[in-house]
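Text of coords08.cif, listed as mmCIF, C-alpha atoms and all ligand atoms:
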```
data_run
#
loop_
_atom_site.group_PDB
_atom_site.id
_atom_site.type_symbol
_atom_site.label_atom_id
_atom_site.label_comp_id
_atom_site.auth_asym_id
_atom_site.auth_seq_id
_atom_site.Cartn_x
_atom_site.Cartn_y
_atom_site.Cartn_z
ATOM 1 C CA MET A 1 12.862 9.430 -24.073
ATOM 2 C CA ALA A 2 9.717 11.596 -24.093
ATOM 3 C CA GLY A 3 9.376 14.565 -21.761
ATOM 4 C CA THR A 4 6.764 17.118 -20.815
ATOM 5 C CA GLY A 5 7.329 19.584 -17.999
ATOM 6 C CA ASN A 6 8.923 17.811 -15.092
ATOM 7 C CA VAL A 7 8.275 14.242 -16.324
ATOM 8 C CA ILE A 8 10.441 12.083 -18.553
ATOM 9 C CA VAL A 9 8.960 8.825 -19.816
ATOM 10 C CA VAL A 10 11.744 6.407 -20.681
ATOM 11 C CA ASP A 11 10.164 4.836 -23.729
ATOM 12 C CA HIS A 12 13.137 2.710 -24.808
ATOM 13 C CA PRO A 13 11.826 -0.544 -26.362
ATOM 14 C CA LEU A 14 13.710 -2.714 -23.853
ATOM 15 C CA VAL A 15 12.178 -0.799 -20.944
ATOM 16 C CA GLN A 16 8.679 -1.105 -22.399
ATOM 17 C CA HIS A 17 9.114 -4.823 -23.136
ATOM 18 C CA LYS A 18 10.406 -5.626 -19.670
ATOM 19 C CA LEU A 19 7.703 -3.517 -18.032
ATOM 20 C CA THR A 20 5.025 -5.537 -19.829
ATOM 21 C CA LEU A 21 6.580 -8.791 -18.593
ATOM 22 C CA MET A 22 6.684 -7.342 -15.086
ATOM 23 C CA ARG A 23 3.026 -6.338 -15.115
ATOM 24 C CA ARG A 24 1.861 -9.899 -15.835
ATOM 25 C CA LYS A 25 0.262 -11.363 -12.753
ATOM 26 C CA ASP A 26 1.758 -14.821 -13.341
ATOM 27 C CA GLN A 27 5.347 -13.540 -13.317
ATOM 28 C CA PRO A 28 7.221 -15.417 -10.539
ATOM 29 C CA THR A 29 9.006 -13.415 -7.816
ATOM 30 C CA THR A 30 12.509 -14.285 -9.067
ATOM 31 C CA ASP A 31 11.713 -13.110 -12.594
ATOM 32 C CA PHE A 32 9.876 -10.013 -11.345
ATOM 33 C CA ARG A 33 12.892 -9.054 -9.221
ATOM 34 C CA ARG A 34 15.324 -9.574 -12.095
ATOM 35 C CA LEU A 35 13.136 -7.492 -14.423
ATOM 36 C CA VAL A 36 12.949 -4.652 -11.885
ATOM 37 C CA SER A 37 16.709 -4.719 -11.621
ATOM 38 C CA GLU A 38 17.176 -4.675 -15.408
ATOM 39 C CA VAL A 39 14.693 -1.820 -15.930
ATOM 40 C CA SER A 40 16.280 0.098 -13.049
ATOM 41 C CA LEU A 41 19.666 -0.111 -14.750
ATOM 42 C CA LEU A 42 18.138 1.330 -17.920
ATOM 43 C CA LEU A 43 16.396 4.098 -15.947
ATOM 44 C CA ALA A 44 19.696 4.883 -14.212
ATOM 45 C CA TYR A 45 21.269 5.286 -17.662
ATOM 46 C CA GLU A 46 18.716 8.001 -18.499
ATOM 47 C CA VAL A 47 18.789 9.792 -15.158
ATOM 48 C CA THR A 48 22.599 10.101 -15.355
ATOM 49 C CA ARG A 49 22.656 11.216 -18.998
ATOM 50 C CA ASP A 50 23.864 14.774 -18.232
ATOM 51 C CA LEU A 51 26.389 14.073 -15.452
ATOM 52 C CA PRO A 52 29.309 16.485 -15.831
ATOM 53 C CA LEU A 53 32.597 15.213 -17.258
ATOM 54 C CA GLU A 54 36.171 16.398 -16.950
ATOM 55 C CA THR A 55 39.226 15.163 -18.801
ATOM 56 C CA ILE A 56 42.276 13.379 -17.487
ATOM 57 C CA GLU A 57 45.524 12.237 -19.041
ATOM 58 C CA ILE A 58 45.826 8.460 -19.404
ATOM 59 C CA GLU A 59 47.934 6.018 -21.332
ATOM 60 C CA THR A 60 46.376 3.327 -23.467
ATOM 61 C CA PRO A 61 48.597 0.335 -24.295
ATOM 62 C CA LEU A 62 49.482 2.229 -27.487
ATOM 63 C CA GLU A 63 49.754 5.944 -26.616
ATOM 64 C CA PRO A 64 48.867 8.723 -24.184
ATOM 65 C CA MET A 65 45.514 10.450 -24.580
ATOM 66 C CA THR A 66 43.206 12.953 -22.924
ATOM 67 C CA ALA A 67 40.028 11.095 -21.930
ATOM 68 C CA PRO A 68 36.698 12.006 -20.270
ATOM 69 C CA ILE A 69 35.837 10.894 -16.758
ATOM 70 C CA LEU A 70 32.979 11.809 -14.402
ATOM 71 C CA ALA A 71 33.706 15.048 -12.566
ATOM 72 C CA GLY A 72 33.433 15.712 -8.849
ATOM 73 C CA LYS A 73 31.246 13.928 -6.347
ATOM 74 C CA LYS A 74 28.840 11.678 -8.092
ATOM 75 C CA LEU A 75 25.510 10.377 -7.013
ATOM 76 C CA CYS A 76 23.464 9.472 -4.045
ATOM 77 C CA PHE A 77 20.600 7.051 -4.615
ATOM 78 C CA VAL A 78 17.948 7.328 -1.908
ATOM 79 C CA SER A 79 15.543 4.433 -1.498
ATOM 80 C CA ILE A 80 12.090 5.023 -0.069
ATOM 81 C CA LEU A 81 11.628 1.907 2.073
ATOM 82 C CA ARG A 82 10.860 -0.790 1.416
ATOM 83 C CA ALA A 83 10.072 -1.190 -2.271
ATOM 84 C CA GLY A 84 12.711 1.364 -3.296
ATOM 85 C CA ASN A 85 15.359 -1.193 -2.320
ATOM 86 C CA GLY A 86 14.307 -3.309 -5.303
ATOM 87 C CA ILE A 87 15.499 -0.541 -7.603
ATOM 88 C CA LEU A 88 18.875 -0.035 -5.932
ATOM 89 C CA ASP A 89 20.540 -3.230 -7.225
ATOM 90 C CA GLY A 90 20.219 -2.381 -10.914
ATOM 91 C CA MET A 91 21.250 1.214 -10.337
ATOM 92 C CA LEU A 92 24.304 0.243 -8.307
ATOM 93 C CA ASP A 93 25.342 -2.229 -11.030
ATOM 94 C CA LEU A 94 25.638 0.787 -13.327
ATOM 95 C CA VAL A 95 27.052 3.280 -10.789
ATOM 96 C CA PRO A 96 28.905 1.206 -8.174
ATOM 97 C CA SER A 97 30.543 4.277 -6.618
ATOM 98 C CA ALA A 98 27.221 5.924 -5.736
ATOM 99 C CA ARG A 99 26.359 6.557 -2.113
ATOM 100 C CA VAL A 100 23.062 5.164 -0.851
ATOM 101 C CA GLY A 101 20.558 6.742 1.524
ATOM 102 C CA HIS A 102 17.318 5.362 2.949
ATOM 103 C CA VAL A 103 14.102 7.071 4.008
ATOM 104 C CA GLY A 104 11.357 5.176 5.837
ATOM 105 C CA LEU A 105 7.849 6.603 5.960
ATOM 106 C CA TYR A 106 4.529 5.196 7.096
ATOM 107 C CA ARG A 107 1.103 6.666 6.661
ATOM 108 C CA ASP A 108 -0.625 7.720 9.895
ATOM 109 C CA PRO A 109 -3.922 5.778 9.793
ATOM 110 C CA GLU A 110 -5.891 8.714 11.249
ATOM 111 C CA THR A 111 -4.448 11.693 9.421
ATOM 112 C CA LEU A 112 -3.131 9.775 6.352
ATOM 113 C CA VAL A 113 -0.070 12.038 6.577
ATOM 114 C CA PRO A 114 3.308 10.314 5.885
ATOM 115 C CA VAL A 115 5.363 10.042 9.099
ATOM 116 C CA GLU A 116 9.122 9.482 8.994
ATOM 117 C CA TYR A 117 10.439 6.516 11.021
ATOM 118 C CA TYR A 118 13.943 6.301 9.559
ATOM 119 C CA ILE A 119 16.406 8.434 7.635
ATOM 120 C CA LYS A 120 20.081 7.877 6.907
ATOM 121 C CA VAL A 121 21.826 9.839 4.187
ATOM 122 C CA PRO A 122 25.445 10.893 3.534
ATOM 123 C CA ASP A 123 26.616 14.201 5.076
ATOM 124 C CA ASP A 124 27.670 15.573 1.688
ATOM 125 C CA LEU A 125 24.255 15.130 0.045
ATOM 126 C CA GLY A 126 24.307 18.748 -1.136
ATOM 127 C CA GLU A 127 27.336 18.019 -3.329
ATOM 128 C CA ARG A 128 25.720 15.060 -5.093
ATOM 129 C CA LEU A 129 22.933 14.549 -7.580
ATOM 130 C CA THR A 130 20.279 12.913 -5.383
ATOM 131 C CA VAL A 131 18.205 10.265 -7.138
ATOM 132 C CA VAL A 132 15.192 9.216 -5.074
ATOM 133 C CA VAL A 133 13.839 5.791 -6.018
ATOM 134 C CA ASP A 134 10.473 4.140 -5.402
ATOM 135 C CA PRO A 135 8.882 1.763 -7.939
ATOM 136 C CA MET A 136 5.390 3.241 -7.735
ATOM 137 C CA LEU A 137 4.554 6.959 -7.724
ATOM 138 C CA ALA A 138 0.945 6.556 -6.612
ATOM 139 C CA THR A 139 -0.611 9.340 -4.479
ATOM 140 C CA GLY A 140 2.712 11.175 -4.496
ATOM 141 C CA HIS A 141 2.449 11.927 -0.766
ATOM 142 C CA SER A 142 5.386 9.725 0.307
ATOM 143 C CA ALA A 143 7.483 10.988 -2.592
ATOM 144 C CA ALA A 144 6.728 14.621 -1.736
ATOM 145 C CA ALA A 145 7.447 14.042 1.977
ATOM 146 C CA ALA A 146 10.704 12.181 1.245
ATOM 147 C CA ILE A 147 11.876 14.882 -1.170
ATOM 148 C CA GLY A 148 11.026 17.594 1.381
ATOM 149 C CA ARG A 149 13.001 15.753 4.067
ATOM 150 C CA LEU A 150 16.001 15.312 1.732
ATOM 151 C CA LYS A 151 15.974 19.035 0.988
ATOM 152 C CA GLN A 152 16.076 19.647 4.752
ATOM 153 C CA ALA A 153 19.059 17.277 4.911
ATOM 154 C CA GLY A 154 20.866 19.416 2.323
ATOM 155 C CA ALA A 155 19.981 17.903 -1.057
ATOM 156 C CA LYS A 156 19.998 20.574 -3.748
ATOM 157 C CA LYS A 157 19.601 18.729 -7.014
ATOM 158 C CA ILE A 158 16.996 15.971 -6.824
ATOM 159 C CA ARG A 159 15.500 13.601 -9.393
ATOM 160 C CA PHE A 160 12.861 10.952 -8.783
ATOM 161 C CA VAL A 161 12.860 7.556 -10.511
ATOM 162 C CA CYS A 162 9.945 5.128 -10.570
ATOM 163 C CA LEU A 163 8.710 2.283 -12.734
ATOM 164 C CA LEU A 164 5.115 3.471 -12.913
ATOM 165 C CA ALA A 165 3.491 6.808 -12.168
ATOM 166 C CA ALA A 166 -0.142 7.774 -11.682
ATOM 167 C CA PRO A 167 -1.223 11.182 -13.028
ATOM 168 C CA GLU A 168 -2.351 12.067 -9.492
ATOM 169 C CA GLY A 169 1.127 11.394 -8.040
ATOM 170 C CA LEU A 170 2.849 13.331 -10.786
ATOM 171 C CA ALA A 171 0.599 16.320 -10.077
ATOM 172 C CA VAL A 172 1.430 16.243 -6.347
ATOM 173 C CA VAL A 173 5.184 16.135 -6.977
ATOM 174 C CA ALA A 174 4.973 18.873 -9.621
ATOM 175 C CA GLU A 175 3.014 21.092 -7.238
ATOM 176 C CA THR A 176 5.131 20.527 -4.116
ATOM 177 C CA HIS A 177 8.543 20.210 -5.793
ATOM 178 C CA PRO A 178 8.500 21.850 -9.226
ATOM 179 C CA ASP A 179 12.305 21.648 -9.310
ATOM 180 C CA VAL A 180 12.261 17.816 -9.304
ATOM 181 C CA THR A 181 12.107 15.871 -12.574
ATOM 182 C CA VAL A 182 10.390 12.474 -12.459
ATOM 183 C CA TYR A 183 11.766 9.647 -14.623
ATOM 184 C CA THR A 184 9.287 6.832 -15.188
ATOM 185 C CA ALA A 185 8.875 3.876 -17.535
ATOM 186 C CA ALA A 186 5.145 4.625 -17.962
ATOM 187 C CA ILE A 187 2.289 6.854 -16.826
ATOM 188 C CA ASP A 188 -0.751 4.702 -16.097
ATOM 189 C CA ARG A 189 -4.428 5.643 -16.229
ATOM 190 C CA GLN A 190 -5.361 6.424 -12.613
ATOM 191 C CA LEU A 191 -5.320 5.553 -8.931
ATOM 192 C CA ASP A 192 -8.103 3.372 -7.587
ATOM 193 C CA SER A 193 -9.905 3.951 -4.275
ATOM 194 C CA HIS A 194 -7.294 1.804 -2.443
ATOM 195 C CA GLY A 195 -4.409 3.876 -3.768
ATOM 196 C CA TYR A 196 -3.310 1.269 -6.335
ATOM 197 C CA ILE A 197 -2.142 2.367 -9.749
ATOM 198 C CA ARG A 198 -4.404 1.012 -12.548
ATOM 199 C CA PRO A 199 -3.726 -0.998 -14.626
ATOM 200 C CA GLY A 200 -0.430 -1.068 -12.718
ATOM 201 C CA LEU A 201 1.436 -4.138 -11.566
ATOM 202 C CA GLY A 202 -0.020 -4.700 -8.103
ATOM 203 C CA ASP A 203 1.922 -4.197 -4.874
ATOM 204 C CA ALA A 204 5.521 -3.721 -5.957
ATOM 205 C CA GLY A 205 6.964 -4.480 -2.495
ATOM 206 C CA ASP A 206 5.034 -7.739 -2.172
ATOM 207 C CA ARG A 207 5.959 -8.803 -5.676
ATOM 208 C CA LEU A 208 9.634 -7.954 -5.135
ATOM 209 C CA PHE A 209 9.999 -9.628 -1.790
ATOM 210 C CA GLY A 210 7.496 -12.464 -2.157
ATOM 211 C CA THR A 211 5.389 -11.329 0.792
ATOM 212 C CA LYS A 212 1.618 -11.191 1.265
HETATM 213 N N1 LIG B 301 2.213 0.940 -4.301
HETATM 214 C C1 LIG B 301 2.258 -0.242 -4.987
HETATM 215 O O1 LIG B 301 3.073 -1.105 -4.676
HETATM 216 N N2 LIG B 301 1.396 -0.435 -6.002
HETATM 217 C C2 LIG B 301 0.505 0.490 -6.383
HETATM 218 O O2 LIG B 301 -0.246 0.261 -7.328
HETATM 219 C C3 LIG B 301 0.461 1.716 -5.659
HETATM 220 C C4 LIG B 301 1.324 1.909 -4.628
#
```
Show how you would write the structure in this file as C-alpha cells.
Amino acid sequence: MAGTGNVIVVDHPLVQHKLTLMRRKDQPTTDFRRLVSEVSLLLAYEVTRDLPLETIEIETPLEPMTAPILAGKKLCFVSILRAGNGILDGMLDLVPSARVGHVGLYRDPETLVPVEYYIKVPDDLGERLTVVVDPMLATGHSAAAAIGRLKQAGAKKIRFVCLLAAPEGLAVVAETHPDVTVYTAAIDRQLDSHGYIRPGLGDAGDRLFGTK
C-alpha cells in the first residue's frame, strides 16, 4: 500500500495482476465482472484496515477466551450509479453486514454540472464509516458532488474507493474534500478530451453490464 496525501494506491500484486487482466480489451464481460468483484474485495480489505475493535468473551471448543470483534456500527458502502454497483458485490462478500446506499447523478448537457436524480442512504450514516464506490475517478466532478451530498445527509467519515484514478480527478477531490482519502488500484496518466481515463480500461459501466 503506497500513500501520498489523501491517496492510497493499493499496490498488492494480486490487485495489480487482476487490474492488468481487466484492462485488456478482449476480456469478456463475465471475466471482467468477476475481476472487478475480486479486486473490489481486496480494496475493501485495505479500506477497512483500521476499523475499531472491541473484545468479547467467547468459548472455543476447548476453553473460554477474550477475543476481538468489530466495535459499534460498521460500514455503509455507497454506490455512485450505475458502475459503482459493480464494486458492491466484492465488498459485500467481505463485509456482509454493511449497509448500502445509492446516489444517482447525471451531467447536465448545458452546464456540465452533476445533477442528482436519486439518493437513498441509511438514516444513521453519521455513525458509520461511509465508503463511496465508483470504478473510475475521472473528472472527479461526480465524486465531489456525491461526497458533498453524503455530507449533507450526515456522513462524517468518508472514504472513496475506485479501480482507476486520473490525476485530474484526484486533484478535484483533494481540493473539494480534503478530509476524504481515495483508495485506488492505480493512478493513470491523464484524462482525454472525452473524459476517458488513459490508458484506462474503457467505459467501466458498459464493460460490467455488457451494454453499448
Ligand atoms: N468513466 C469510465 O467508465 N471510463 C473512463 O475512462 C472515465 C469515466
Output of the PyMOL selection byres (((not hetatm)) within 8 of (chain B and resi 301)), listed as a ChimeraX atom specification: /A:83,135-139,191,195-198,200-206
Please write the residues from the selection above to a file, keeping C-alpha atoms, as a PDB file, in the frame of the given file.
```pdb
ATOM      1  CA  ALA A  83      10.072  -1.190  -2.271  1.00  0.00           C
ATOM      2  CA  PRO A 135       8.882   1.763  -7.939  1.00  0.00           C
ATOM      3  CA  MET A 136       5.390   3.241  -7.735  1.00  0.00           C
ATOM      4  CA  LEU A 137       4.554   6.959  -7.724  1.00  0.00           C
ATOM      5  CA  ALA A 138       0.945   6.556  -6.612  1.00  0.00           C
ATOM      6  CA  THR A 139      -0.611   9.340  -4.479  1.00  0.00           C
ATOM      7  CA  LEU A 191      -5.320   5.553  -8.931  1.00  0.00           C
ATOM      8  CA  GLY A 195      -4.409   3.876  -3.768  1.00  0.00           C
ATOM      9  CA  TYR A 196      -3.310   1.269  -6.335  1.00  0.00           C
ATOM     10  CA  ILE A 197      -2.142   2.367  -9.749  1.00  0.00           C
ATOM     11  CA  ARG A 198      -4.404   1.012 -12.548  1.00  0.00           C
ATOM     12  CA  GLY A 200      -0.430  -1.068 -12.718  1.00  0.00           C
ATOM     13  CA  LEU A 201       1.436  -4.138 -11.566  1.00  0.00           C
ATOM     14  CA  GLY A 202      -0.020  -4.700  -8.103  1.00  0.00           C
ATOM     15  CA  ASP A 203       1.922  -4.197  -4.874  1.00  0.00           C
ATOM     16  CA  ALA A 204       5.521  -3.721  -5.957  1.00  0.00           C
ATOM     17  CA  GLY A 205       6.964  -4.480  -2.495  1.00  0.00           C
ATOM     18  CA  ASP A 206       5.034  -7.739  -2.172  1.00  0.00           C
TER      19      ASP A 206
END
```
Gap from atom CA of Leu170 of chain A to atom CA of Tyr183 of chain A - Å, one decimal: 10.4 Å
One-decimal distance in Å that lies between atom CA of Pro178 of chain A and atom CA of Thr130 of chain A: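 These two atoms are separated by 15.3 Å.
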Test item: residues at most 10 Å from Lys18 of chain A, only C-alpha atoms, excluding those fewer than 4 positions along its chain, as a PyMOL selection string: chain A and resi 13-14+22-23+32+34-36+38-39+185
Atom pair atom CA of Tyr118 of chain A / atom CA of Val103 of chain A: separation (Å):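 Atom-to-atom, atom CA of Tyr118 of chain A and atom CA of Val103 of chain A are spaced 5.6 Å apart.
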Can you list what the PyMOL selection byres (((chain A and resi 95-100) around 6) and not hetatm) grabs from this structure, as a PDB file with C-alpha atoms, in the frame of the given file?
```
ATOM      1  CA  LEU A  75      25.510  10.377  -7.013  1.00  0.00           C
ATOM      2  CA  CYS A  76      23.464   9.472  -4.045  1.00  0.00           C
ATOM      3  CA  PHE A  77      20.600   7.051  -4.615  1.00  0.00           C
ATOM      4  CA  VAL A  78      17.948   7.328  -1.908  1.00  0.00           C
ATOM      5  CA  LEU A  92      24.304   0.243  -8.307  1.00  0.00           C
ATOM      6  CA  ASP A  93      25.342  -2.229 -11.030  1.00  0.00           C
ATOM      7  CA  LEU A  94      25.638   0.787 -13.327  1.00  0.00           C
ATOM      8  CA  GLY A 101      20.558   6.742   1.524  1.00  0.00           C
TER       9      GLY A 101
END
```
Residue IDs satisfying the PyMOL selection byres (((chain A and resi 44-58) around 7) and not hetatm), as a list in words: Ser40, Leu41, Leu42, Leu43, Glu59, Thr60, Pro64, Met65, Thr66, Ala67, Pro68, Ile69, Leu70, Ala71 and Met91 of chain A
Counting only C-alpha atoms, the residue of A:Gly148, A:Pro28, A:Gly210, A:Gly84 that sits nearest Asp134 of chain A: A:Gly84
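Shortest separation to Cys162 of chain A among A:Gly104, A:Gly86, A:Pro61, A:Gly72 occurs at residue A:Gly86, atoms counted being all atoms listed in the file.
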Could you give me, as JSON lines, every segment 138-171 of chain A residue with an atom at most 8 Å from segment 123-126 of chain A, plus its closest atom pair and distance in Å to one decimal, counting only C-alpha atoms, rows ordered by chain then number?
```
{"residue": "A:Ala153", "atom": "CA", "partner": "A:Leu125", "partner_atom": "CA", "distance": 7.4}
{"residue": "A:Gly154", "atom": "CA", "partner": "A:Gly126", "partner_atom": "CA", "distance": 4.9}
{"residue": "A:Ala155", "atom": "CA", "partner": "A:Gly126", "partner_atom": "CA", "distance": 4.4}
{"residue": "A:Lys156", "atom": "CA", "partner": "A:Gly126", "partner_atom": "CA", "distance": 5.4}
{"residue": "A:Lys157", "atom": "CA", "partner": "A:Gly126", "partner_atom": "CA", "distance": 7.5}
```
Keeping only C-alpha atoms, write the selected residues as a compact mmCIF listing (two decimals), in the frame of the given file.
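Output contents, as saved in part05.txt:
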```txt
# COMPACT_ATOMS: atom_id res chain seq x y z
CA ALA A 153 19.06 17.28 4.91
CA GLY A 154 20.87 19.42 2.32
CA ALA A 155 19.98 17.90 -1.06
CA LYS A 156 20.00 20.57 -3.75
CA LYS A 157 19.60 18.73 -7.01
```
Top pick for closest residue to Val7 of chain A, considering A:Val115, A:Leu129, A:Val161, A:Leu19 and counting all atoms listed in the file: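 Checking each of A:Val115, A:Leu129, A:Val161, A:Leu19 against Val7 of chain A, counting all atoms listed in the file, the winner is A:Val161.
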Contact residues around Val180 of chain A with all atoms listed in the file at 7 Å, ignoring same-chain residues under 4 positions, as a PyMOL selection string: chain A and resi 6+158-160
Produce the centre coordinates and the three edge lengths, each in Å to one decimal, of the box along x, y and z that contains all listed atoms of segment 30-41 of chain A with 3 Å added on each side, as JSON.
```
{"center_x": 14.8, "center_y": -7.1, "center_z": -12.5, "size_x": 15.8, "size_y": 20.4, "size_z": 12.9}
```
Point (0.2, 17.1, -7.2) neighbourhood (12 Å, all atoms listed in the file) written as a PyMOL selection string: chain A and resi 6+137-144+165-178
